[in-house]
>>> print(open('final.pdb').read())   # PDB, C-alpha atoms, pLDDT in the B column
ATOM      1  CA  MET A   2     121.963 104.951  73.218  1.00 44.00           C
ATOM      2  CA  GLN A   3     123.793 101.676  72.650  1.00 53.00           C
ATOM      3  CA  ASP A   4     127.001 101.488  70.670  1.00 63.00           C
ATOM      4  CA  CYS A   5     126.328 101.052  66.961  1.00 63.00           C
ATOM      5  CA  TYR A   6     128.719  99.069  64.818  1.00 85.00           C
ATOM      6  CA  GLY A   7     128.779  99.068  61.045  1.00 92.00           C
ATOM      7  CA  LEU A   8     130.841  98.680  57.909  1.00 94.00           C
ATOM      8  CA  MET A   9     132.705 101.840  56.932  1.00 94.00           C
ATOM      9  CA  PHE A  10     132.882 102.513  53.200  1.00 95.00           C
ATOM     10  CA  ASP A  11     135.471 105.149  52.280  1.00 93.00           C
ATOM     11  CA  GLY A  12     133.828 106.274  49.032  1.00 91.00           C
ATOM     12  CA  VAL A  13     136.838 105.109  47.028  1.00 93.00           C
ATOM     13  CA  ASP A  14     137.421 101.367  46.761  1.00 92.00           C
ATOM     14  CA  ASP A  15     135.368  99.347  49.283  1.00 92.00           C
ATOM     15  CA  PHE A  16     132.611  96.921  48.303  1.00 95.00           C
ATOM     16  CA  LEU A  17     131.060  93.540  49.056  1.00 96.00           C
ATOM     17  CA  GLN A  18     129.629  91.014  46.626  1.00 95.00           C
ATOM     18  CA  THR A  19     127.461  87.929  47.058  1.00 95.00           C
ATOM     19  CA  GLY A  20     127.427  84.928  44.759  1.00 95.00           C
ATOM     20  CA  ASN A  21     124.644  84.757  42.183  1.00 95.00           C
ATOM     21  CA  ILE A  22     121.185  85.088  43.712  1.00 95.00           C
ATOM     22  CA  ALA A  23     118.312  83.474  41.804  1.00 94.00           C
ATOM     23  CA  TRP A  24     115.774  86.148  42.761  1.00 94.00           C
ATOM     24  CA  ALA A  25     112.896  84.211  41.136  1.00 93.00           C
ATOM     25  CA  THR A  26     110.190  86.860  41.736  1.00 96.00           C
ATOM     26  CA  ASP A  27     109.306  90.301  40.401  1.00 95.00           C
ATOM     27  CA  GLU A  28     109.115  91.725  43.945  1.00 97.00           C
ATOM     28  CA  VAL A  29     111.700  93.263  46.241  1.00 97.00           C
ATOM     29  CA  THR A  30     111.958  94.938  49.630  1.00 98.00           C
ATOM     30  CA  VAL A  31     115.403  96.286  50.496  1.00 98.00           C
ATOM     31  CA  THR A  32     116.059  98.045  53.820  1.00 98.00           C
ATOM     32  CA  ALA A  33     119.347  99.647  54.782  1.00 98.00           C
ATOM     33  CA  GLY A  34     120.456 101.362  57.967  1.00 97.00           C
ATOM     34  CA  LEU A  35     123.155 103.793  56.980  1.00 95.00           C
ATOM     35  CA  ARG A  36     125.018 107.010  57.667  1.00 96.00           C
ATOM     36  CA  LYS A  37     125.676 108.921  54.476  1.00 95.00           C
ATOM     37  CA  LEU A  38     128.792 111.083  54.778  1.00 95.00           C
ATOM     38  CA  SER A  39     128.779 112.869  51.422  1.00 93.00           C
ATOM     39  CA  ASP A  40     126.440 114.233  48.774  1.00 92.00           C
ATOM     40  CA  THR A  41     129.177 115.033  46.242  1.00 87.00           C
ATOM     41  CA  ALA A  42     128.937 111.873  44.103  1.00 89.00           C
ATOM     42  CA  ARG A  43     126.318 109.197  43.490  1.00 91.00           C
ATOM     43  CA  GLY A  44     126.866 106.256  45.833  1.00 95.00           C
ATOM     44  CA  MET A  45     125.597 102.710  45.309  1.00 95.00           C
ATOM     45  CA  VAL A  46     124.466 101.162  48.597  1.00 97.00           C
ATOM     46  CA  ALA A  47     123.083  97.981  47.029  1.00 96.00           C
ATOM     47  CA  GLU A  48     122.455  96.807  43.470  1.00 95.00           C
ATOM     48  CA  LEU A  49     121.306  93.476  42.050  1.00 94.00           C
ATOM     49  CA  GLY A  50     123.305  92.933  38.874  1.00 87.00           C
ATOM     50  CA  GLN A  51     126.364  94.580  37.440  1.00 72.00           C
ATOM     51  CA  PHE A  52     124.883  97.680  35.859  1.00 66.00           C
ATOM     52  CA  ALA A  53     121.673  99.690  35.728  1.00 60.00           C
ATOM     53  CA  ASN A  54     120.084  97.380  33.178  1.00 64.00           C
ATOM     54  CA  THR A  55     116.911  95.396  32.787  1.00 80.00           C
ATOM     55  CA  GLN A  56     115.309  93.518  35.661  1.00 90.00           C
ATOM     56  CA  ASN A  57     117.366  94.859  38.527  1.00 93.00           C
ATOM     57  CA  PHE A  58     117.038  97.194  41.509  1.00 95.00           C
ATOM     58  CA  GLN A  59     119.351  99.606  43.270  1.00 94.00           C
ATOM     59  CA  LEU A  60     119.451 101.729  46.424  1.00 96.00           C
ATOM     60  CA  ASN A  61     121.584 104.901  46.195  1.00 95.00           C
ATOM     61  CA  ALA A  62     122.901 107.375  48.774  1.00 95.00           C
ATOM     62  CA  PRO A  63     123.060 109.927  47.288  1.00 94.00           C
ATOM     63  CA  THR A  64     121.515 109.501  43.860  1.00 89.00           C
ATOM     64  CA  ALA A  65     122.308 111.292  40.628  1.00 78.00           C
ATOM     65  CA  SER A  66     119.042 113.113  40.070  1.00 80.00           C
ATOM     66  CA  LEU A  67     116.372 111.947  42.518  1.00 81.00           C
ATOM     67  CA  GLY A  68     117.609 113.375  45.815  1.00 83.00           C
ATOM     68  CA  ASP A  69     119.799 112.419  48.723  1.00 91.00           C
ATOM     69  CA  TYR A  70     118.427 108.855  48.862  1.00 95.00           C
ATOM     70  CA  GLY A  71     117.074 107.044  45.837  1.00 94.00           C
ATOM     71  CA  PHE A  72     115.589 103.696  44.880  1.00 95.00           C
ATOM     72  CA  TYR A  73     115.337 102.395  41.319  1.00 93.00           C
ATOM     73  CA  SER A  74     113.595  99.347  39.877  1.00 94.00           C
ATOM     74  CA  ALA A  75     113.719  98.180  36.277  1.00 92.00           C
ATOM     75  CA  GLY A  76     111.957  95.627  34.145  1.00 89.00           C
ATOM     76  CA  THR A  77     112.715  96.762  30.594  1.00 89.00           C
ATOM     77  CA  ALA A  78     112.204 100.387  31.700  1.00 89.00           C
ATOM     78  CA  THR A  79     113.479 102.142  34.812  1.00 88.00           C
ATOM     79  CA  ALA A  80     111.458 103.926  37.491  1.00 90.00           C
ATOM     80  CA  GLY A  81     112.904 105.743  40.474  1.00 91.00           C
ATOM     81  CA  LEU A  82     111.999 107.692  43.590  1.00 92.00           C
ATOM     82  CA  GLY A  83     114.077 109.954  45.792  1.00 93.00           C
ATOM     83  CA  THR A  84     113.898 111.870  49.052  1.00 92.00           C
ATOM     84  CA  ALA A  85     115.934 114.684  50.586  1.00 91.00           C
ATOM     85  CA  ALA A  86     118.240 114.316  53.603  1.00 93.00           C
ATOM     86  CA  ALA A  87     121.572 116.065  53.155  1.00 93.00           C
ATOM     87  CA  ALA A  88     124.809 114.556  54.464  1.00 94.00           C
ATOM     88  CA  PRO A  89     125.882 113.824  57.039  1.00 96.00           C
ATOM     89  CA  ASN A  90     122.702 111.911  57.699  1.00 96.00           C
ATOM     90  CA  THR A  91     121.760 108.698  59.502  1.00 96.00           C
ATOM     91  CA  SER A  92     118.618 106.975  58.231  1.00 97.00           C
ATOM     92  CA  VAL A  93     116.814 103.711  57.704  1.00 98.00           C
ATOM     93  CA  VAL A  94     115.895 103.669  54.018  1.00 97.00           C
ATOM     94  CA  THR A  95     113.537 101.138  52.414  1.00 98.00           C
ATOM     95  CA  GLY A  96     112.682 100.576  48.774  1.00 97.00           C
ATOM     96  CA  GLN A  97     109.916  98.278  47.609  1.00 98.00           C
ATOM     97  CA  ALA A  98     108.979  97.340  44.053  1.00 96.00           C
ATOM     98  CA  LYS A  99     106.904  94.934  42.006  1.00 96.00           C
ATOM     99  CA  LEU A 100     107.567  94.856  38.260  1.00 94.00           C
ATOM    100  CA  THR A 101     104.243  93.476  37.004  1.00 93.00           C
ATOM    101  CA  THR A 102     102.127  96.055  38.843  1.00 95.00           C
ATOM    102  CA  ASP A 103     104.569  98.979  38.408  1.00 95.00           C
ATOM    103  CA  THR A 104     104.671  99.437  42.181  1.00 95.00           C
ATOM    104  CA  LEU A 105     107.514 101.570  43.551  1.00 96.00           C
ATOM    105  CA  ILE A 106     107.706 102.767  47.177  1.00 97.00           C
ATOM    106  CA  LEU A 107     110.448 104.651  49.027  1.00 97.00           C
ATOM    107  CA  ARG A 108     110.471 105.010  52.809  1.00 97.00           C
ATOM    108  CA  ARG A 109     112.834 106.880  55.128  1.00 97.00           C
ATOM    109  CA  ASN A 110     112.824 106.376  58.901  1.00 97.00           C
ATOM    110  CA  ALA A 111     109.615 104.298  58.829  1.00 97.00           C
ATOM    111  CA  THR A 112     107.702 107.010  56.949  1.00 96.00           C
ATOM    112  CA  GLN A 113     106.641 106.775  53.347  1.00 95.00           C
ATOM    113  CA  ALA A 114     108.602 109.315  51.297  1.00 94.00           C
ATOM    114  CA  GLY A 115     107.004 108.577  47.938  1.00 93.00           C
ATOM    115  CA  THR A 116     105.229 106.156  45.637  1.00 95.00           C
ATOM    116  CA  SER A 117     105.158 105.774  41.898  1.00 94.00           C
ATOM    117  CA  ALA A 118     103.268 103.739  39.330  1.00 93.00           C
ATOM    118  CA  VAL A 119     105.592 104.706  36.456  1.00 93.00           C
ATOM    119  CA  ASP A 120     105.932 101.917  33.902  1.00 92.00           C
ATOM    120  CA  GLN A 121     108.831  99.613  34.817  1.00 92.00           C
ATOM    121  CA  GLY A 122     108.477  97.754  31.526  1.00 89.00           C
ATOM    122  CA  THR A 123     108.119  94.015  31.316  1.00 88.00           C
ATOM    123  CA  GLY A 124     109.720  91.223  33.257  1.00 84.00           C
ATOM    124  CA  SER A 125     108.453  88.364  35.351  1.00 88.00           C
ATOM    125  CA  ALA A 126     111.418  88.281  37.756  1.00 93.00           C
ATOM    126  CA  TYR A 127     114.549  90.171  38.700  1.00 94.00           C
ATOM    127  CA  THR A 128     117.693  88.708  37.158  1.00 91.00           C
ATOM    128  CA  THR A 129     119.960  86.067  38.639  1.00 93.00           C
ATOM    129  CA  ASN A 130     123.027  88.089  39.585  1.00 93.00           C
ATOM    130  CA  PRO A 131     125.266  88.974  42.504  1.00 95.00           C
ATOM    131  CA  LEU A 132     124.125  91.623  44.964  1.00 96.00           C
ATOM    132  CA  TYR A 133     126.766  94.349  45.061  1.00 96.00           C
ATOM    133  CA  ILE A 134     127.033  96.367  48.276  1.00 97.00           C
ATOM    134  CA  GLY A 135     128.952  99.634  48.546  1.00 96.00           C
ATOM    135  CA  MET A 136     129.863 100.024  44.879  1.00 95.00           C
ATOM    136  CA  ARG A 137     128.550  99.159  41.418  1.00 93.00           C
ATOM    137  CA  ALA A 138     130.204  95.856  40.452  1.00 90.00           C
ATOM    138  CA  GLY A 139     133.382  96.883  42.281  1.00 87.00           C
ATOM    139  CA  THR A 140     134.152  99.407  39.570  1.00 91.00           C
ATOM    140  CA  SER A 141     132.192 102.644  40.026  1.00 93.00           C
ATOM    141  CA  LEU A 142     129.759 104.720  42.125  1.00 94.00           C
ATOM    142  CA  PRO A 143     131.312 104.064  45.563  1.00 96.00           C
ATOM    143  CA  PHE A 144     129.189 104.693  48.659  1.00 97.00           C
ATOM    144  CA  ASN A 145     130.781 107.055  51.197  1.00 96.00           C
ATOM    145  CA  GLY A 146     129.404 106.202  54.616  1.00 96.00           C
ATOM    146  CA  ILE A 147     128.616 103.545  57.186  1.00 96.00           C
ATOM    147  CA  LEU A 148     126.290 100.601  56.600  1.00 97.00           C
ATOM    148  CA  PHE A 149     124.735  99.353  59.853  1.00 96.00           C
ATOM    149  CA  GLY A 150     122.466  96.727  58.311  1.00 96.00           C
ATOM    150  CA  LEU A 151     120.984  95.550  55.022  1.00 97.00           C
ATOM    151  CA  THR A 152     118.019  93.284  54.390  1.00 97.00           C
ATOM    152  CA  ALA A 153     116.920  92.326  50.884  1.00 97.00           C
ATOM    153  CA  VAL A 154     113.859  90.108  50.456  1.00 97.00           C
ATOM    154  CA  ASN A 155     112.265  88.792  47.260  1.00 97.00           C
ATOM    155  CA  ALA A 156     108.783  89.963  48.316  1.00 98.00           C
ATOM    156  CA  VAL A 157     106.890  93.163  48.982  1.00 98.00           C
ATOM    157  CA  LEU A 158     106.508  92.971  52.763  1.00 98.00           C
ATOM    158  CA  ASP A 159     103.189  93.847  54.373  1.00 97.00           C
ATOM    159  CA  ALA A 160     102.937  96.655  56.918  1.00 97.00           C
ATOM    160  CA  THR A 161     103.563  94.417  59.955  1.00 98.00           C
ATOM    161  CA  GLN A 162     106.575  92.665  58.431  1.00 98.00           C
ATOM    162  CA  LEU A 163     107.996  95.945  57.156  1.00 98.00           C
ATOM    163  CA  GLY A 164     107.595  97.571  60.563  1.00 97.00           C
ATOM    164  CA  MET A 165     109.542  94.744  62.206  1.00 97.00           C
ATOM    165  CA  VAL A 166     112.390  94.952  59.662  1.00 98.00           C
ATOM    166  CA  GLU A 167     112.649  98.742  59.918  1.00 98.00           C
ATOM    167  CA  LEU A 168     112.561  98.754  63.739  1.00 97.00           C
ATOM    168  CA  SER A 169     115.161  96.000  63.907  1.00 96.00           C
ATOM    169  CA  THR A 170     117.395  97.868  61.457  1.00 97.00           C
ATOM    170  CA  ASN A 171     116.910 101.099  63.395  1.00 96.00           C
ATOM    171  CA  PHE A 172     117.992  99.433  66.644  1.00 93.00           C
ATOM    172  CA  ASN A 173     121.468  99.090  65.131  1.00 89.00           C
ATOM    173  CA  THR A 174     121.344 102.374  63.224  1.00 94.00           C
ATOM    174  CA  GLY A 175     119.768 105.064  65.412  1.00 91.00           C
ATOM    175  CA  GLY A 176     118.100 106.812  62.461  1.00 91.00           C
ATOM    176  CA  PHE A 177     114.725 107.486  64.143  1.00 93.00           C
TER
END
>>> encode(input="final.pdb", output="structure tokens")
Amino acid sequence: MQDCYGLMFDGVDDFLQTGNIAWATDEVTVTAGLRKLSDTARGMVAELGQFANTQNFQLNAPTASLGDYGFYSAGTATAGLGTAAAAPNTSVVTGQAKLTTDTLILRRNATQAGTSAVDQGTGSAYTTNPLYIGMRAGTSLPFNGILFGLTAVNAVLDATQLGMVELSTNFNTGGF
């Protein structure tokens, strides 16, 4: 296996932040290649917006109540899915959502782990906000692990596109 390089988050004070992203759609696909080192506290891998509020999404490792990996999407209501994979664990995790059709999909290592049609409330687009990586708004829920790659797209990718993103992410991750 090739050497894999990533960003090490210590679970205490590390995070990255983009400038404001005008998401402009109600769809998202977010794929992360990561090695989760702890299950003791909820860790925010990626979140659009500062807090778990309306019209945002978040990928957790681990999550508070859904399992060892979790994906949430919110219009004016929040829906979430989780899957089990106790730390230490290396995986490629993908969350997909569409607010107007209440679509929520969670995948782990190129296999669908769950779907949900729970009401995500209303909203025609995710908010214009920074994307926080490794911690919620630099203030709480630090991720403890290694991030090998992250792709966030303002669309629900089809099976071919999704396969290419997950395989590419796995090349640098070694999850499956």
>>> resolve_selection(input="final.pdb", expression="the PyMOL selection byres ((chain A and resi 129) around 12)", output="PyMOL selection string")
chain A and resi 19-27+49-51+55-58+126-128+130-132+155
>>> resolve_selection(input="final.pdb", expression="the PyMOL selection byres ((chain A and resi 97) around 12)", output="short mmCIF file (atom, residue, chain, number, x, y, z; two decimals) with C-alpha atoms, in the frame of the given file")
data_model
loop_
_atom_site.label_atom_id
_atom_site.label_comp_id
_atom_site.auth_asym_id
_atom_site.auth_seq_id
_atom_site.Cartn_x
_atom_site.Cartn_y
_atom_site.Cartn_z
CA ASP A 27 109.31 90.30 40.40
CA GLU A 28 109.12 91.72 43.94
CA VAL A 29 111.70 93.26 46.24
CA THR A 30 111.96 94.94 49.63
CA VAL A 31 115.40 96.29 50.50
CA THR A 32 116.06 98.04 53.82
CA ALA A 33 119.35 99.65 54.78
CA PHE A 58 117.04 97.19 41.51
CA GLN A 59 119.35 99.61 43.27
CA LEU A 60 119.45 101.73 46.42
CA GLY A 71 117.07 107.04 45.84
CA PHE A 72 115.59 103.70 44.88
CA TYR A 73 115.34 102.40 41.32
CA SER A 74 113.60 99.35 39.88
CA ALA A 75 113.72 98.18 36.28
CA ALA A 80 111.46 103.93 37.49
CA GLY A 81 112.90 105.74 40.47
CA LEU A 82 112.00 107.69 43.59
CA VAL A 94 115.90 103.67 54.02
CA THR A 95 113.54 101.14 52.41
CA GLY A 96 112.68 100.58 48.77
CA ALA A 98 108.98 97.34 44.05
CA LYS A 99 106.90 94.93 42.01
CA LEU A 100 107.57 94.86 38.26
CA THR A 102 102.13 96.06 38.84
CA ASP A 103 104.57 98.98 38.41
CA THR A 104 104.67 99.44 42.18
CA LEU A 105 107.51 101.57 43.55
CA ILE A 106 107.71 102.77 47.18
CA LEU A 107 110.45 104.65 49.03
CA ARG A 108 110.47 105.01 52.81
CA ARG A 109 112.83 106.88 55.13
CA GLN A 113 106.64 106.78 53.35
CA ALA A 114 108.60 109.32 51.30
CA GLY A 115 107.00 108.58 47.94
CA THR A 116 105.23 106.16 45.64
CA SER A 117 105.16 105.77 41.90
CA ALA A 118 103.27 103.74 39.33
CA THR A 152 118.02 93.28 54.39
CA ALA A 153 116.92 92.33 50.88
CA VAL A 154 113.86 90.11 50.46
CA ASN A 155 112.26 88.79 47.26
CA ALA A 156 108.78 89.96 48.32
CA VAL A 157 106.89 93.16 48.98
CA LEU A 158 106.51 92.97 52.76
CA ASP A 159 103.19 93.85 54.37
CA ALA A 160 102.94 96.66 56.92
CA LEU A 163 108.00 95.94 57.16
#
>>> closest_residue(input="final.pdb", among="A:Gly68, A:Gly83, A:Gly175, A:Gly44", to="Gly135 (chain A)", atoms="all atoms listed in the file")
A:Gly44
>>> closest_residue(input="final.pdb", among="A:Leu168, A:Phe149, A:Thr174, A:Thr112", to="Gly7 (chain A)", atoms="all atoms listed in the file")
A:Phe149
>>> resolve_selection(input="final.pdb", expression="the PyMOL selection byres ((chain A and resi 145) around 12)", output="number ranges by chain")
A: 8-16, 35-46, 61-63, 88-90, 134-136, 142-144, 146-148
>>> atom_distance(input="final.pdb", atom1="CA of Asn171 (chain A)", atom2="CA of Gly34 (chain A)")
6.5 Å
>>> atom_distance(input="final.pdb", atom1="CA of Gly139 (chain A)", atom2="CA of Asn110 (chain A)")
28.1 Å
>>> atom_distance(input="final.pdb", atom1="CA of Leu67 (chain A)", atom2="CA of Tyr6 (chain A)")
28.6 Å
>>> closest_residue(input="final.pdb", among="A:Leu17, A:Ala78, A:Ala47, A:Val166", to="Gln121 (chain A)", atoms="all atoms listed in the file")
A:Ala78
>>> closest_residue(input="final.pdb", among="A:Met165, A:Val119, A:Ala87, A:Leu151", to="Asp69 (chain A)", atoms="only C-alpha atoms")
A:Ala87
>>> closest_residue(input="final.pdb", among="A:Gly150, A:Gln18, A:Gly122, A:Gln162", to="Ser92 (chain A)", atoms="all atoms listed in the file")
A:Gly150
>>> closest_residue(input="final.pdb", among="A:Gly76, A:Val93, A:Phe172, A:Tyr70", to="Ala111 (chain A)", atoms="all atoms listed in the file")
A:Val93
>>> decode(input="final.pdb", residues="region 125-147 of chain A", atoms="N, CA, C and O atoms", output="PDB file, in the first residue's frame")
ATOM      1  N   SER A 125     -35.174  26.142   0.357  1.00  0.00           N
ATOM      2  CA  SER A 125     -34.885  25.950  -1.057  1.00  0.00           C
ATOM      3  C   SER A 125     -33.390  25.860  -1.331  1.00  0.00           C
ATOM      4  O   SER A 125     -32.991  25.532  -2.444  1.00  0.00           O
ATOM      5  N   ALA A 126     -32.560  26.142  -0.317  1.00  0.00           N
ATOM      6  CA  ALA A 126     -31.110  26.048  -0.490  1.00  0.00           C
ATOM      7  C   ALA A 126     -30.446  26.024   0.879  1.00  0.00           C
ATOM      8  O   ALA A 126     -30.990  26.555   1.849  1.00  0.00           O
ATOM      9  N   TYR A 127     -29.273  25.396   0.943  1.00  0.00           N
ATOM     10  CA  TYR A 127     -28.473  25.485   2.154  1.00  0.00           C
ATOM     11  C   TYR A 127     -27.961  26.917   2.288  1.00  0.00           C
ATOM     12  O   TYR A 127     -27.814  27.632   1.298  1.00  0.00           O
ATOM     13  N   THR A 128     -27.660  27.323   3.506  1.00  0.00           N
ATOM     14  CA  THR A 128     -27.281  28.703   3.776  1.00  0.00           C
ATOM     15  C   THR A 128     -25.921  29.070   3.186  1.00  0.00           C
ATOM     16  O   THR A 128     -25.102  28.206   2.886  1.00  0.00           O
ATOM     17  N   THR A 129     -25.705  30.360   3.049  1.00  0.00           N
ATOM     18  CA  THR A 129     -24.392  30.889   2.686  1.00  0.00           C
ATOM     19  C   THR A 129     -23.611  31.050   3.978  1.00  0.00           C
ATOM     20  O   THR A 129     -23.952  31.872   4.821  1.00  0.00           O
ATOM     21  N   ASN A 130     -22.594  30.227   4.147  1.00  0.00           N
ATOM     22  CA  ASN A 130     -21.811  30.198   5.380  1.00  0.00           C
ATOM     23  C   ASN A 130     -20.447  29.608   5.095  1.00  0.00           C
ATOM     24  O   ASN A 130     -20.243  28.984   4.053  1.00  0.00           O
ATOM     25  N   PRO A 131     -19.526  29.727   6.035  1.00  0.00           N
ATOM     26  CA  PRO A 131     -18.261  29.002   5.910  1.00  0.00           C
ATOM     27  C   PRO A 131     -18.482  27.502   6.091  1.00  0.00           C
ATOM     28  O   PRO A 131     -19.452  27.083   6.723  1.00  0.00           O
ATOM     29  N   LEU A 132     -17.590  26.714   5.541  1.00  0.00           N
ATOM     30  CA  LEU A 132     -17.537  25.282   5.817  1.00  0.00           C
ATOM     31  C   LEU A 132     -16.455  25.101   6.875  1.00  0.00           C
ATOM     32  O   LEU A 132     -15.299  25.480   6.671  1.00  0.00           O
ATOM     33  N   TYR A 133     -16.863  24.578   8.028  1.00  0.00           N
ATOM     34  CA  TYR A 133     -15.932  24.316   9.120  1.00  0.00           C
ATOM     35  C   TYR A 133     -15.490  22.862   9.053  1.00  0.00           C
ATOM     36  O   TYR A 133     -16.318  21.970   8.889  1.00  0.00           O
ATOM     37  N   ILE A 134     -14.206  22.616   9.191  1.00  0.00           N
ATOM     38  CA  ILE A 134     -13.635  21.282   9.090  1.00  0.00           C
ATOM     39  C   ILE A 134     -12.843  21.000  10.363  1.00  0.00           C
ATOM     40  O   ILE A 134     -11.953  21.765  10.727  1.00  0.00           O
ATOM     41  N   GLY A 135     -13.198  19.929  11.052  1.00  0.00           N
ATOM     42  CA  GLY A 135     -12.453  19.517  12.239  1.00  0.00           C
ATOM     43  C   GLY A 135     -13.013  20.001  13.552  1.00  0.00           C
ATOM     44  O   GLY A 135     -12.626  19.491  14.606  1.00  0.00           O
ATOM     45  N   MET A 136     -13.932  20.973  13.521  1.00  0.00           N
ATOM     46  CA  MET A 136     -14.512  21.480  14.757  1.00  0.00           C
ATOM     47  C   MET A 136     -15.688  22.390  14.404  1.00  0.00           C
ATOM     48  O   MET A 136     -15.683  23.027  13.345  1.00  0.00           O
ATOM     49  N   ARG A 137     -16.686  22.440  15.268  1.00  0.00           N
ATOM     50  CA  ARG A 137     -17.819  23.333  15.041  1.00  0.00           C
ATOM     51  C   ARG A 137     -17.391  24.774  15.307  1.00  0.00           C
ATOM     52  O   ARG A 137     -17.109  25.157  16.441  1.00  0.00           O
ATOM     53  N   ALA A 138     -17.332  25.561  14.243  1.00  0.00           N
ATOM     54  CA  ALA A 138     -17.048  26.999  14.306  1.00  0.00           C
ATOM     55  C   ALA A 138     -15.804  27.335  15.125  1.00  0.00           C
ATOM     56  O   ALA A 138     -15.685  28.428  15.658  1.00  0.00           O
ATOM     57  N   GLY A 139     -14.875  26.403  15.248  1.00  0.00           N
ATOM     58  CA  GLY A 139     -13.654  26.651  15.996  1.00  0.00           C
ATOM     59  C   GLY A 139     -13.863  26.735  17.489  1.00  0.00           C
ATOM     60  O   GLY A 139     -12.977  27.173  18.216  1.00  0.00           O
ATOM     61  N   THR A 140     -15.028  26.296  17.962  1.00  0.00           N
ATOM     62  CA  THR A 140     -15.335  26.471  19.380  1.00  0.00           C
ATOM     63  C   THR A 140     -15.694  25.187  20.113  1.00  0.00           C
ATOM     64  O   THR A 140     -15.519  25.106  21.326  1.00  0.00           O
ATOM     65  N   SER A 141     -16.215  24.180  19.421  1.00  0.00           N
ATOM     66  CA  SER A 141     -16.676  22.984  20.132  1.00  0.00           C
ATOM     67  C   SER A 141     -16.705  21.778  19.204  1.00  0.00           C
ATOM     68  O   SER A 141     -16.576  21.898  17.991  1.00  0.00           O
ATOM     69  N   LEU A 142     -16.914  20.610  19.770  1.00  0.00           N
ATOM     70  CA  LEU A 142     -17.041  19.327  19.070  1.00  0.00           C
ATOM     71  C   LEU A 142     -15.830  19.002  18.188  1.00  0.00           C
ATOM     72  O   LEU A 142     -15.962  18.702  16.997  1.00  0.00           O
ATOM     73  N   PRO A 143     -14.627  19.008  18.745  1.00  0.00           N
ATOM     74  CA  PRO A 143     -13.432  18.727  17.941  1.00  0.00           C
ATOM     75  C   PRO A 143     -13.371  17.272  17.470  1.00  0.00           C
ATOM     76  O   PRO A 143     -13.716  16.363  18.213  1.00  0.00           O
ATOM     77  N   PHE A 144     -12.928  17.093  16.234  1.00  0.00           N
ATOM     78  CA  PHE A 144     -12.720  15.776  15.644  1.00  0.00           C
ATOM     79  C   PHE A 144     -11.357  15.263  16.089  1.00  0.00           C
ATOM     80  O   PHE A 144     -10.359  15.987  16.017  1.00  0.00           O
ATOM     81  N   ASN A 145     -11.296  14.013  16.530  1.00  0.00           N
ATOM     82  CA  ASN A 145     -10.037  13.393  16.940  1.00  0.00           C
ATOM     83  C   ASN A 145      -9.697  12.327  15.905  1.00  0.00           C
ATOM     84  O   ASN A 145     -10.247  11.236  15.924  1.00  0.00           O
ATOM     85  N   GLY A 146      -8.797  12.667  14.978  1.00  0.00           N
ATOM     86  CA  GLY A 146      -8.431  11.705  13.960  1.00  0.00           C
ATOM     87  C   GLY A 146      -7.649  12.336  12.832  1.00  0.00           C
ATOM     88  O   GLY A 146      -7.122  13.436  12.949  1.00  0.00           O
ATOM     89  N   ILE A 147      -7.599  11.622  11.721  1.00  0.00           N
ATOM     90  CA  ILE A 147      -6.851  12.048  10.544  1.00  0.00           C
ATOM     91  C   ILE A 147      -7.820  12.184   9.381  1.00  0.00           C
ATOM     92  O   ILE A 147      -8.608  11.278   9.109  1.00  0.00           O
TER      93      ILE A 147
END
